[in-house]
Amino acid sequence: MSVASSRVPRVLVVDDEADLRELLELTLLKMGLDVDSAATLAEARALLATEYQLVLTDMRLPDGLGLELVREVTAAYKNTPVAVVTAFGSADNAVVALKAGAFDYISKPVALDQLRVMVQSALRLNAGPAAVQAPSAATTVSRLRGESAVIQALRAQIARLARSMAPVYIHGESGSGKELAAREIHAQSSRAGKPFIAVNCGAIPEALMEAEFFGYRKGSFTGAADDREGFFQAANGGTLMLDEVADLPLAMQVKLLRAIQERRVRKIGATAEEPVDVRIISATHKNLAQCVEQGSFRQDLFYRLNVIELTLPPLRERLDDLGELTGAILERLGTFEHKVVLGAGVLDALKGYSFPGNVRELENILERALAFANDGVIEVGDLALKGARTAEVVAPLPAPVPAWTAPAAPVPPVSPPNPDSLPSSLPEYLIQVERDIILRALAQTQFNRTQAAQLLGISFRQLRYQMQKLNIQEPDT
């Protein structure tokens with residue numbers, strides 16, 4: 001079923017409830033679309049010879065399940081998206097439909113604003129020949145570099161799942177490129193023109209999570225001087241990536257589950273919920289199923305997030321890509337006047353290394369080697385592979401400094417709070433405390449961020465996120 005751009009898009013509505021079917025037809029006609037309708041699976045199958053740009057079906061029909069139609073259309077007409085209408089509270093049915101290949105779902109009672117958004121998103125998938133070819137064309141400029149068999153298979157999988165609005169769970173070791181894969185999914189989807197918002201769930205203080213995710217109204221709590229949008233509102237129409245989702249506390253997991261299921265959020269201090277249209281991509285280096293077994297992650301939320309699972313291979317399983325990855329990194333590190341080149345045996349030495357930190361560690365090794373290289377030529381000795389792992393990962397760190405003891409480095413000490421002024425400036429005070437503690441750890445480790453992160457008991461990515469958020473920059477040397 002290819003789409004001719006000159007034709008008016010046609011939608012097939014399948015529902016046995018006459019009133020709902022009529023409501024859907026009128027809404028779609030007002031959007032300028034042509035509509036055919038059917039009350040049973042048999043009627044729908046008879047109409048499928050016609051070219052449709054979207055099929056919208058109820059889950060329960062007199063002669064079977066809409067799930068059967070989802071599978072049939074997905075198999076026979078790969079370019080035709082199928083959306084399902086589910087009963088209120090039937091989240092399990094929606095997940096099953098998405099796993100079967102449904103583009104998206106909408107719950108009863110049908111909210112017309114959400115219906116219109118979903119239909120427009122589906123029609124963008126096949127807006128014309130260029131759109132149909134977008135996934136295969138995008139692979140030539142993929143953010144995931146390499147031509148190994150595993151990477152080519154990964155890109156093909158991304159191209160397929162980019163056509164769905166189903167939540168994606170990305171699993172992979174730290175540094176394997178989970179955010180790059182999420183951005184690739186977004187870029188190849190019909191949401192590419194809308195925002196992509198990446199959130200590190202492990203880097204947000206628990207007390208601020210609800211405000212960060214859902215926003216707040218002016219005056220809703222001390223320090224809320226203005227209305228503020230949350231991550232969901234910022235990503236509206238686009239993609240919200242929940243990185244390190246396993247680090248979410250259980251209380252926040254409950255609120256996140258409701259937001260995903262209802263597609264509505266309520267700002268702190270607001271009396272009403274507002275609709276949001278986001279595709280959720282979650283990622284973690286932990287085993288999320290194991291977290292469910294241990295009780296640290298809700299099973300119902302895992303079920304909602306893990307509709308489609310995407311596993312990223314570690315660098316040691318794709319060493320054939322090492323040459324291309326190294327070339328791309330060195331091209332970024334060098335300048336027009338000073339090209340960076342590899343000396344004899346360097347690539348072989350890299351291929352013999354296990355890379356526990358994956359591509360991120362490769363970047364770190366090459367950046368460090370460049371600092372020791374003569375005239376931009378990196379030799380084997382500059383890599384210091386064993387030394388790099390020892391210095392950055394294994395070497396013992398200085399003993400942690402008590403939270404309120406000034407470090408040896410000249411970092412300003414944290415001033416004790418004034419009890420009288422604390423309630424009126426608590427958010428600002430907490431930010432300053434966090435900033436001072438991070439500065440102390442950085443000063444104690446001579447701004448070695450890897451060691452500072454270990455000293456603070458957080459991940460390197462968490463520290464980088466907090467430094468960006470607090471505008472902490474490495475001093476000029």
# chains A, B, ... in the order shown; residues from 1 in each chain; ligands from 1
>>> select_by_dssp(residues="stretch 191-359 of chain A", states="strand (DSSP E or B)", output="count of residues only")
29
>>> residues_around(residues="stretch 109-114 of chain A", least_positions_apart="5", cutoff="12 Å", atoms="only C-alpha atoms", output="PyMOL selection string")
chain A and resi 19-21+23-28+30-31+58+84-90+104+119-121+236-237+262-264+274-278
>>> write_last_selection(atoms="C-alpha atoms", output="PDB file, in the first residue's frame")
ATOM      1  CA  ASP A  19     -22.201   5.674  18.049  1.00  0.00           C
ATOM      2  CA  LEU A  20     -18.420   5.504  18.480  1.00  0.00           C
ATOM      3  CA  ARG A  21     -17.937   4.576  14.842  1.00  0.00           C
ATOM      4  CA  LEU A  23     -17.973   9.882  16.149  1.00  0.00           C
ATOM      5  CA  LEU A  24     -14.692   8.628  14.714  1.00  0.00           C
ATOM      6  CA  GLU A  25     -15.939   9.043  11.146  1.00  0.00           C
ATOM      7  CA  LEU A  26     -17.100  12.636  11.709  1.00  0.00           C
ATOM      8  CA  THR A  27     -13.847  13.596  13.422  1.00  0.00           C
ATOM      9  CA  LEU A  28     -11.745  12.178  10.607  1.00  0.00           C
ATOM     10  CA  LYS A  30     -13.522  17.149   9.581  1.00  0.00           C
ATOM     11  CA  MET A  31      -9.749  16.596   9.359  1.00  0.00           C
ATOM     12  CA  ASP A  58     -11.453  -1.670  18.251  1.00  0.00           C
ATOM     13  CA  VAL A  84      -6.190   0.206  18.281  1.00  0.00           C
ATOM     14  CA  VAL A  85      -8.979   1.485  20.516  1.00  0.00           C
ATOM     15  CA  THR A  86      -8.855  -0.117  23.973  1.00  0.00           C
ATOM     16  CA  ALA A  87     -11.295  -0.089  26.860  1.00  0.00           C
ATOM     17  CA  PHE A  88     -10.526   2.277  29.729  1.00  0.00           C
ATOM     18  CA  GLY A  89      -8.015   0.704  32.110  1.00  0.00           C
ATOM     19  CA  SER A  90      -7.086  -2.079  29.677  1.00  0.00           C
ATOM     20  CA  ASP A 104      -0.250   3.273  18.606  1.00  0.00           C
ATOM     21  CA  VAL A 119      -3.858  10.310  13.276  1.00  0.00           C
ATOM     22  CA  GLN A 120      -1.593  13.162  12.185  1.00  0.00           C
ATOM     23  CA  SER A 121       1.438  11.297  13.510  1.00  0.00           C
ATOM     24  CA  ASN A 236       5.348  17.138  23.865  1.00  0.00           C
ATOM     25  CA  GLY A 237       4.935  15.848  20.330  1.00  0.00           C
ATOM     26  CA  GLU A 262      -3.163   8.071  30.850  1.00  0.00           C
ATOM     27  CA  ARG A 263      -0.987  10.309  28.662  1.00  0.00           C
ATOM     28  CA  ARG A 264      -1.794  13.144  31.009  1.00  0.00           C
ATOM     29  CA  GLU A 274      -3.154  18.249  30.852  1.00  0.00           C
ATOM     30  CA  PRO A 275      -2.672  15.906  27.879  1.00  0.00           C
ATOM     31  CA  VAL A 276       0.850  15.160  26.667  1.00  0.00           C
ATOM     32  CA  ASP A 277       1.905  13.314  23.532  1.00  0.00           C
ATOM     33  CA  VAL A 278       5.312  11.756  23.992  1.00  0.00           C
TER      34      VAL A 278
END
>>> residues_around(residues="stretch 343-353 of chain A", least_positions_apart="2", cutoff="6 Å", atoms="only C-alpha atoms", output="PyMOL selection string")
chain A and resi 355+378-380
>>> residues_around(residues="A:Arg217", least_positions_apart="3", cutoff="9 Å", atoms="only C-alpha atoms", output="PDB file with N, CA and C atoms, in the first residue's frame")
ATOM      1  N   SER A 220       3.330  27.251  44.113  1.00  0.00           N
ATOM      2  CA  SER A 220       2.903  25.938  44.612  1.00  0.00           C
ATOM      3  C   SER A 220       3.779  25.446  45.765  1.00  0.00           C
ATOM      4  N   PHE A 221       4.991  25.958  45.873  1.00  0.00           N
ATOM      5  CA  PHE A 221       5.851  25.650  47.007  1.00  0.00           C
ATOM      6  C   PHE A 221       6.881  26.769  47.126  1.00  0.00           C
ATOM      7  N   ALA A 224       8.991  28.547  44.167  1.00  0.00           N
ATOM      8  CA  ALA A 224       8.341  28.463  42.853  1.00  0.00           C
ATOM      9  C   ALA A 224       7.875  29.857  42.442  1.00  0.00           C
ATOM     10  N   ALA A 225       8.817  30.646  41.908  1.00  0.00           N
ATOM     11  CA  ALA A 225       8.520  32.044  41.586  1.00  0.00           C
ATOM     12  C   ALA A 225       7.729  32.193  40.292  1.00  0.00           C
ATOM     13  N   ASP A 226       7.798  31.206  39.415  1.00  0.00           N
ATOM     14  CA  ASP A 226       7.100  31.272  38.130  1.00  0.00           C
ATOM     15  C   ASP A 226       6.582  29.888  37.763  1.00  0.00           C
ATOM     16  N   ASP A 227       5.642  29.861  36.807  1.00  0.00           N
ATOM     17  CA  ASP A 227       5.217  28.584  36.249  1.00  0.00           C
ATOM     18  C   ASP A 227       6.402  27.947  35.519  1.00  0.00           C
ATOM     19  N   ARG A 228       6.476  26.621  35.583  1.00  0.00           N
ATOM     20  CA  ARG A 228       7.567  25.939  34.903  1.00  0.00           C
ATOM     21  C   ARG A 228       7.067  24.653  34.270  1.00  0.00           C
ATOM     22  N   GLU A 229       7.500  24.405  33.039  1.00  0.00           N
ATOM     23  CA  GLU A 229       7.170  23.172  32.349  1.00  0.00           C
ATOM     24  C   GLU A 229       8.094  22.053  32.833  1.00  0.00           C
ATOM     25  N   LYS A 267       0.691  19.280  36.840  1.00  0.00           N
ATOM     26  CA  LYS A 267       1.747  20.063  37.460  1.00  0.00           C
ATOM     27  C   LYS A 267       1.514  20.179  38.956  1.00  0.00           C
ATOM     28  N   ILE A 268       2.594  20.313  39.711  1.00  0.00           N
ATOM     29  CA  ILE A 268       2.464  20.555  41.146  1.00  0.00           C
ATOM     30  C   ILE A 268       1.729  21.886  41.338  1.00  0.00           C
ATOM     31  N   GLY A 269       0.677  21.844  42.126  1.00  0.00           N
ATOM     32  CA  GLY A 269      -0.104  23.049  42.367  1.00  0.00           C
ATOM     33  C   GLY A 269      -1.264  23.244  41.416  1.00  0.00           C
ATOM     34  N   ALA A 270      -1.375  22.415  40.384  1.00  0.00           N
ATOM     35  CA  ALA A 270      -2.480  22.523  39.426  1.00  0.00           C
ATOM     36  C   ALA A 270      -3.651  21.665  39.890  1.00  0.00           C
TER      37      ALA A 270
END
>>> closest_residue(among="A:Ala156, A:Val292, A:Phe213, A:Glu244", to="A:Phe231", atoms="only C-alpha atoms")
A:Phe213
>>> select_by_dssp(residues="stretch 110-224 of chain A", states="helix (DSSP H, G or I)", output="ChimeraX atom specification")
/A:112-125,129-141,149-161,178-188,201-203,206-214
>>> closest_residue(among="A:Ala149, A:Ile185, A:Cys201, A:Ala283", to="A:Thr311", atoms="only C-alpha atoms")
A:Ala283
>>> residues_around(residues="A:Ala97", least_positions_apart="4", cutoff="8 Å", atoms="only C-alpha atoms", output="VMD selection string")
chain A and resid 67 70 84 93 101 to 102
>>> write_last_selection(atoms="C-alpha atoms", output="PDB file, in the first residue's frame")
ATOM      1  CA  LEU A  67      -5.504  -8.017  17.389  1.00  0.00           C
ATOM      2  CA  VAL A  70      -3.321  -5.806  13.561  1.00  0.00           C
ATOM      3  CA  VAL A  84      -6.190   0.206  18.281  1.00  0.00           C
ATOM      4  CA  ASN A  93      -4.422  -5.059  25.929  1.00  0.00           C
ATOM      5  CA  GLY A 101       2.917  -4.432  15.641  1.00  0.00           C
ATOM      6  CA  ALA A 102       0.295  -1.747  16.306  1.00  0.00           C
TER       7      ALA A 102
END
>>> atom_distance(atom1="atom CA of A:Gly219", atom2="atom CA of A:Gln432")
21.6 Å
>>> closest_atom_pairs(of="stretch 204-288 of chain A", to="stretch 447-469 of chain A", cutoff="12 Å", atoms="only C-alpha atoms", output="tab-separated table")
residue	atom	partner	partner_atom	distance
A:Ile204	CA	A:Gln466	CA	8.6
A:Pro205	CA	A:Gln466	CA	10.5
A:Asp243	CA	A:Arg461	CA	10.2
A:Glu244	CA	A:Gln462	CA	9.7
A:Asp247	CA	A:Gln462	CA	11.2
A:His285	CA	A:Ser459	CA	11.6
>>> write_last_selection(atoms="C-alpha atoms", output="PDB file, in the first residue's frame")
ATOM      1  CA  ILE A 204      17.833  14.151  39.872  1.00  0.00           C
ATOM      2  CA  PRO A 205      17.349  14.532  43.642  1.00  0.00           C
ATOM      3  CA  ASP A 243      18.124   7.212  30.887  1.00  0.00           C
ATOM      4  CA  GLU A 244      19.149   5.050  33.860  1.00  0.00           C
ATOM      5  CA  ASP A 247      17.455   4.483  39.432  1.00  0.00           C
ATOM      6  CA  HIS A 285      22.906  -0.551  32.009  1.00  0.00           C
TER       7      HIS A 285
END
>>> atom_distance(atom1="atom CA of A:Arg45", atom2="atom CA of A:Arg279")
29.9 Å
>>> atom_distance(atom1="atom CA of A:Ala38", atom2="atom CA of A:Val14")
4.7 Å
>>> residues_around(residues="A:Tyr303", least_positions_apart="5", cutoff="9 Å", atoms="only C-alpha atoms", output="PyMOL selection string")
chain A and resi 92+95+298
>>> write_last_selection(atoms="C-alpha atoms", output="PDB file, in the first residue's frame")
ATOM      1  CA  ASP A  92      -2.466  -4.877  29.196  1.00  0.00           C
ATOM      2  CA  VAL A  95       0.757  -3.463  25.387  1.00  0.00           C
ATOM      3  CA  ARG A 298       7.684  -2.070  39.675  1.00  0.00           C
TER       4      ARG A 298
END
>>> residues_around(residues="A:Glu317", least_positions_apart="5", cutoff="12 Å", atoms="only C-alpha atoms", output="PyMOL selection string")
chain A and resi 148-151+173+176+312+322+351+353-356+358-359
>>> write_last_selection(atoms="N, CA and C atoms", output="mmCIF file, in the first residue's frame")
data_model
loop_
_atom_site.group_PDB
_atom_site.id
_atom_site.type_symbol
_atom_site.label_atom_id
_atom_site.label_comp_id
_atom_site.auth_asym_id
_atom_site.auth_seq_id
_atom_site.Cartn_x
_atom_site.Cartn_y
_atom_site.Cartn_z
ATOM 1 N N SER A 148 29.999 -3.476 11.059
ATOM 2 C CA SER A 148 29.988 -4.869 11.490
ATOM 3 C C SER A 148 28.583 -5.430 11.364
ATOM 4 N N ALA A 149 28.491 -6.762 11.361
ATOM 5 C CA ALA A 149 27.186 -7.405 11.188
ATOM 6 C C ALA A 149 26.219 -7.013 12.300
ATOM 7 N N VAL A 150 26.720 -6.911 13.541
ATOM 8 C CA VAL A 150 25.810 -6.594 14.652
ATOM 9 C C VAL A 150 25.284 -5.168 14.557
ATOM 10 N N ILE A 151 26.107 -4.236 14.081
ATOM 11 C CA ILE A 151 25.664 -2.858 13.957
ATOM 12 C C ILE A 151 24.692 -2.706 12.781
ATOM 13 N N GLU A 173 25.549 -2.100 28.048
ATOM 14 C CA GLU A 173 26.552 -1.721 29.035
ATOM 15 C C GLU A 173 26.798 -0.223 29.011
ATOM 16 N N SER A 176 27.982 2.156 25.812
ATOM 17 C CA SER A 176 27.768 1.453 24.539
ATOM 18 C C SER A 176 26.955 2.261 23.535
ATOM 19 N N LEU A 312 22.023 -3.229 22.869
ATOM 20 C CA LEU A 312 23.201 -2.701 22.193
ATOM 21 C C LEU A 312 24.406 -3.592 22.478
ATOM 22 N N LEU A 322 36.297 -0.869 15.105
ATOM 23 C CA LEU A 322 37.225 -0.051 15.877
ATOM 24 C C LEU A 322 37.942 0.977 15.007
ATOM 25 N N LYS A 351 42.703 -3.227 19.511
ATOM 26 C CA LYS A 351 41.882 -4.421 19.282
ATOM 27 C C LYS A 351 42.152 -5.508 20.312
ATOM 28 N N TYR A 353 42.395 -4.924 23.461
ATOM 29 C CA TYR A 353 41.920 -4.427 24.752
ATOM 30 C C TYR A 353 40.433 -4.765 24.896
ATOM 31 N N SER A 354 39.966 -5.026 26.110
ATOM 32 C CA SER A 354 38.589 -5.502 26.317
ATOM 33 C C SER A 354 37.553 -4.382 26.402
ATOM 34 N N PHE A 355 37.956 -3.150 26.651
ATOM 35 C CA PHE A 355 37.068 -1.994 26.705
ATOM 36 C C PHE A 355 35.860 -2.203 27.620
ATOM 37 N N PRO A 356 36.088 -2.314 28.919
ATOM 38 C CA PRO A 356 34.942 -2.437 29.836
ATOM 39 C C PRO A 356 34.052 -1.199 29.817
ATOM 40 N N ASN A 358 33.515 0.514 26.979
ATOM 41 C CA ASN A 358 32.971 0.592 25.626
ATOM 42 C C ASN A 358 33.415 1.845 24.884
ATOM 43 N N VAL A 359 32.543 2.405 24.041
ATOM 44 C CA VAL A 359 32.946 3.510 23.165
ATOM 45 C C VAL A 359 33.336 4.735 23.977
#
>>> closest_residue(among="A:Gly376, A:Gly32, A:Gly193, A:Pro167", to="A:Val307", atoms="only C-alpha atoms")
A:Pro167
